[in-house]
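Worksheet for the structure shown next.
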Amino acid sequence: MSGPATGHEHDQAFVRSVMRRLAGKFIVLEGPDGSGKSTQSRKLSAALDDAGVTYTPVREPGGTPVGEKIREALLTREIGSMSVRCEMLLYMASRAELCESVILPALQRGELVLADRFVASTLAYQGAAGGLPSADISAVARVATRGLMPDLILLFDVDSETAGKRLSPLLDRMEAKGLAFHTRVRQGYLEQARNDPRRYAVLDASRRPEDVWRQLLHTLDERGQAW
């Protein structure tokens, strides 16, 4: 005969319950470089595995053979300068292939899709920070994604100085754009969240990873109950 459930077992049951409510949704993790979203993505993936939830993880740019080639062109520092409009169109080209060949088929199968970045990144980096009109970006995005919108965008918010201290010294081309650029990126993300609070959830990513994880679970529990 088993004994009473411990606190740890109770927490594990809670996490599994939260994860299972995510089935079939399209969830995007967003945030400035150095926000710690990759750490939380790994924790989320482990929790989904433990709960037995079928999901498809994707990253941007990349996620397909075509997308990985585009990623190499976008992020290598060897390529030198590139116009912001060219950057935007390359990100969208990678996104179009990813939606067509991976994201939409997974959603049609009823799977959770967990994406590391989506259109919000382009609006923040090439829009708010790069100067392209958001209307232009949104128009191209509608074509690239067939109008697909995430069910939830988890925004890992952190100030640019803290984020910069977390970055590898071997920065890629986007990470190396400097403090002022990344401050505008953060402001762009927060403006998106203010304008669409039903789709965005802002998490304080300046805190310890375990605290951010608790915020993340609370947010997913709260949003999941409304789905």
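All residue names refer to the structure tokens as shown: chains lettered A, B, ... in order, residues numbered from 1 in each chain, ligands numbered from 1 in order.
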
Nearby residues (only C-alpha atoms) at most 9 Å from Ile153 in chain A, same-chain spacing under 5 positions excluded, as a ChimeraX atom specification: /A:26-30,120,193,199-202

Write the residues of the selection above to a file with C-alpha atoms, as a JSON list (two decimals), in the first residue's frame.
```json
[["chain", "number", "residue", "atom", "x", "y", "z"],
["A", 26, "PHE", "CA", 1.11, 26.61, -31.26],
["A", 27, "ILE", "CA", 3.34, 28.23, -28.64],
["A", 28, "VAL", "CA", 6.25, 30.55, -29.40],
["A", 29, "LEU", "CA", 9.13, 31.47, -27.11],
["A", 30, "GLU", "CA", 10.42, 34.98, -27.78],
["A", 120, "ALA", "CA", 7.37, 38.68, -33.33],
["A", 193, "ALA", "CA", 2.87, 42.66, -25.79],
["A", 199, "ARG", "CA", -1.75, 36.54, -27.17],
["A", 200, "TYR", "CA", 1.41, 37.59, -25.27],
["A", 201, "ALA", "CA", 2.57, 36.73, -21.76],
["A", 202, "VAL", "CA", 5.57, 38.68, -20.41]]
```

Those in range 73-207 of chain A with alpha helix (DSSP H) from DSSP, as an MDAnalysis selection string: chainID A and resid 73:75 84:98 104:108 119:122 134:145 160:166 179:195

Surrounding residues of Ala106 in chain A excluding itself and chain neighbours under 5 positions, 10 Å, only C-alpha atoms, as a list of chain:residue names: A:Gly24, A:Lys25, A:Phe26, A:Thr54, A:Tyr55, A:Thr56, A:Pro57, A:Cys99, A:Ser101, A:Glu111, A:Leu112, A:Val113

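Contact shell of Asp159 in chain A at 8 Å (only C-alpha atoms; same-chain neighbours under 2 positions omitted): Asp157, Glu161, Thr162, Ala163, Thr183, Arg186 and Ser206 of chain A.
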
Exercise: Gly131 in chain A partners within 10 Å, only C-alpha atoms, chain neighbours under 4 positions left out, as JSON, numbers by chain: {"A": [84, 85, 123, 124, 125, 126, 127, 184]}

Would you give me, as a Markdown table, each residue of range 51-117 of chain A having an atom within 9 Å of an atom of range 133-138 of chain A, along with its shortest atom pair and that distance in Å to one decimal, using only C-alpha atoms and sorting by chain and residue number?
```
| residue | atom | partner | partner_atom | distance |
| --- | --- | --- | --- | --- |
| A:Met88 | CA | A:Ile137 | CA | 7.5 |
| A:Leu89 | CA | A:Ile137 | CA | 8.8 |
| A:Met92 | CA | A:Ile137 | CA | 9.0 |
```

Grab the residues selected above and save them as a CSV table (one decimal), in the first residue's frame with C-alpha atoms.
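Dumped to part_16.csv:
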```csv
chain,number,residue,atom,x,y,z
A,88,MET,CA,13.6,40.5,-43.2
A,89,LEU,CA,12.9,38.7,-46.5
A,92,MET,CA,10.4,35.2,-44.0
```

If we count only C-alpha atoms and set the cut-off at 12 Å, which residues sit around Ala73 in chain A, ignoring sequence neighbours fewer than 5 positions away in its own chain? Please answer as a PDB file with N, CA and C atoms, in the first residue's frame.
```pdb
ATOM      1  N   PRO A  61      15.906  31.396 -37.374  1.00  0.00           N
ATOM      2  CA  PRO A  61      15.690  30.803 -38.697  1.00  0.00           C
ATOM      3  C   PRO A  61      16.239  29.384 -38.715  1.00  0.00           C
ATOM      4  N   GLY A  62      15.729  28.561 -39.606  1.00  0.00           N
ATOM      5  CA  GLY A  62      16.194  27.179 -39.714  1.00  0.00           C
ATOM      6  C   GLY A  62      15.054  26.202 -39.624  1.00  0.00           C
ATOM      7  N   VAL A  66      16.435  23.984 -46.260  1.00  0.00           N
ATOM      8  CA  VAL A  66      16.506  25.326 -46.841  1.00  0.00           C
ATOM      9  C   VAL A  66      16.730  26.361 -45.747  1.00  0.00           C
ATOM     10  N   GLY A  67      15.969  26.236 -44.658  1.00  0.00           N
ATOM     11  CA  GLY A  67      16.068  27.199 -43.569  1.00  0.00           C
ATOM     12  C   GLY A  67      17.433  27.231 -42.912  1.00  0.00           C
ATOM     13  N   GLU A  68      18.090  26.082 -42.805  1.00  0.00           N
ATOM     14  CA  GLU A  68      19.417  26.052 -42.189  1.00  0.00           C
ATOM     15  C   GLU A  68      20.447  26.779 -43.051  1.00  0.00           C
ATOM     16  N   GLU A  78      30.914  36.505 -41.185  1.00  0.00           N
ATOM     17  CA  GLU A  78      31.764  36.584 -42.363  1.00  0.00           C
ATOM     18  C   GLU A  78      31.076  37.283 -43.529  1.00  0.00           C
ATOM     19  N   ILE A  79      29.752  37.319 -43.513  1.00  0.00           N
ATOM     20  CA  ILE A  79      29.016  37.870 -44.648  1.00  0.00           C
ATOM     21  C   ILE A  79      29.068  39.394 -44.691  1.00  0.00           C
ATOM     22  N   GLY A  80      29.416  40.017 -43.564  1.00  0.00           N
ATOM     23  CA  GLY A  80      29.509  41.474 -43.535  1.00  0.00           C
ATOM     24  C   GLY A  80      28.150  42.132 -43.457  1.00  0.00           C
ATOM     25  N   SER A  81      28.007  43.281 -44.127  1.00  0.00           N
ATOM     26  CA  SER A  81      26.762  44.041 -44.031  1.00  0.00           C
ATOM     27  C   SER A  81      25.665  43.429 -44.893  1.00  0.00           C
ATOM     28  N   MET A  82      24.428  43.688 -44.488  1.00  0.00           N
ATOM     29  CA  MET A  82      23.251  43.217 -45.211  1.00  0.00           C
ATOM     30  C   MET A  82      22.140  44.222 -44.940  1.00  0.00           C
ATOM     31  N   CYS A  86      16.615  43.054 -46.773  1.00  0.00           N
ATOM     32  CA  CYS A  86      17.092  41.727 -47.176  1.00  0.00           C
ATOM     33  C   CYS A  86      17.013  40.760 -45.998  1.00  0.00           C
ATOM     34  N   GLU A  87      17.448  41.207 -44.807  1.00  0.00           N
ATOM     35  CA  GLU A  87      17.340  40.379 -43.609  1.00  0.00           C
ATOM     36  C   GLU A  87      15.907  39.913 -43.396  1.00  0.00           C
ATOM     37  N   LEU A  90      14.778  37.297 -45.931  1.00  0.00           N
ATOM     38  CA  LEU A  90      15.418  35.996 -45.707  1.00  0.00           C
ATOM     39  C   LEU A  90      14.774  35.277 -44.515  1.00  0.00           C
ATOM     40  N   TYR A  91      14.529  36.003 -43.428  1.00  0.00           N
ATOM     41  CA  TYR A  91      13.833  35.387 -42.290  1.00  0.00           C
ATOM     42  C   TYR A  91      12.463  34.871 -42.720  1.00  0.00           C
ATOM     43  N   SER A  94      12.757  31.622 -44.813  1.00  0.00           N
ATOM     44  CA  SER A  94      12.970  30.476 -43.928  1.00  0.00           C
ATOM     45  C   SER A  94      11.673  30.099 -43.228  1.00  0.00           C
ATOM     46  N   ASP A 172      27.146  35.936 -32.714  1.00  0.00           N
ATOM     47  CA  ASP A 172      26.799  35.849 -34.130  1.00  0.00           C
ATOM     48  C   ASP A 172      26.491  37.262 -34.644  1.00  0.00           C
ATOM     49  N   ARG A 173      26.161  37.383 -35.927  1.00  0.00           N
ATOM     50  CA  ARG A 173      26.013  38.703 -36.549  1.00  0.00           C
ATOM     51  C   ARG A 173      24.898  39.525 -35.910  1.00  0.00           C
ATOM     52  N   MET A 174      23.785  38.881 -35.528  1.00  0.00           N
ATOM     53  CA  MET A 174      22.677  39.604 -34.910  1.00  0.00           C
ATOM     54  C   MET A 174      22.982  39.979 -33.469  1.00  0.00           C
TER      55      MET A 174
END
```

Nearest to Gln215 in chain A, chosen from A:Trp227, A:Gln40, A:Ala96, A:Asp196, with only C-alpha atoms counted in the distances: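 Ranking A:Trp227, A:Gln40, A:Ala96, A:Asp196 by distance to Gln215 in chain A, first place goes to A:Gln40.
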
Gap from CA of Met19 in chain A to CA of Pro150 in chain A - Å, one decimal: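 One can read the CA of Met19 in chain A to CA of Pro150 in chain A distance as 16.8 Å.
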
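You will find CA of Leu107 in chain A at 16.6 Å from CA of Thr64 in chain A.
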
Which of A:Arg223, A:His218, A:His182, A:Arg194 sits closest to Gly31 in chain A [using only C-alpha atoms]: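 Smallest distance to Gly31 in chain A is found for A:His182.
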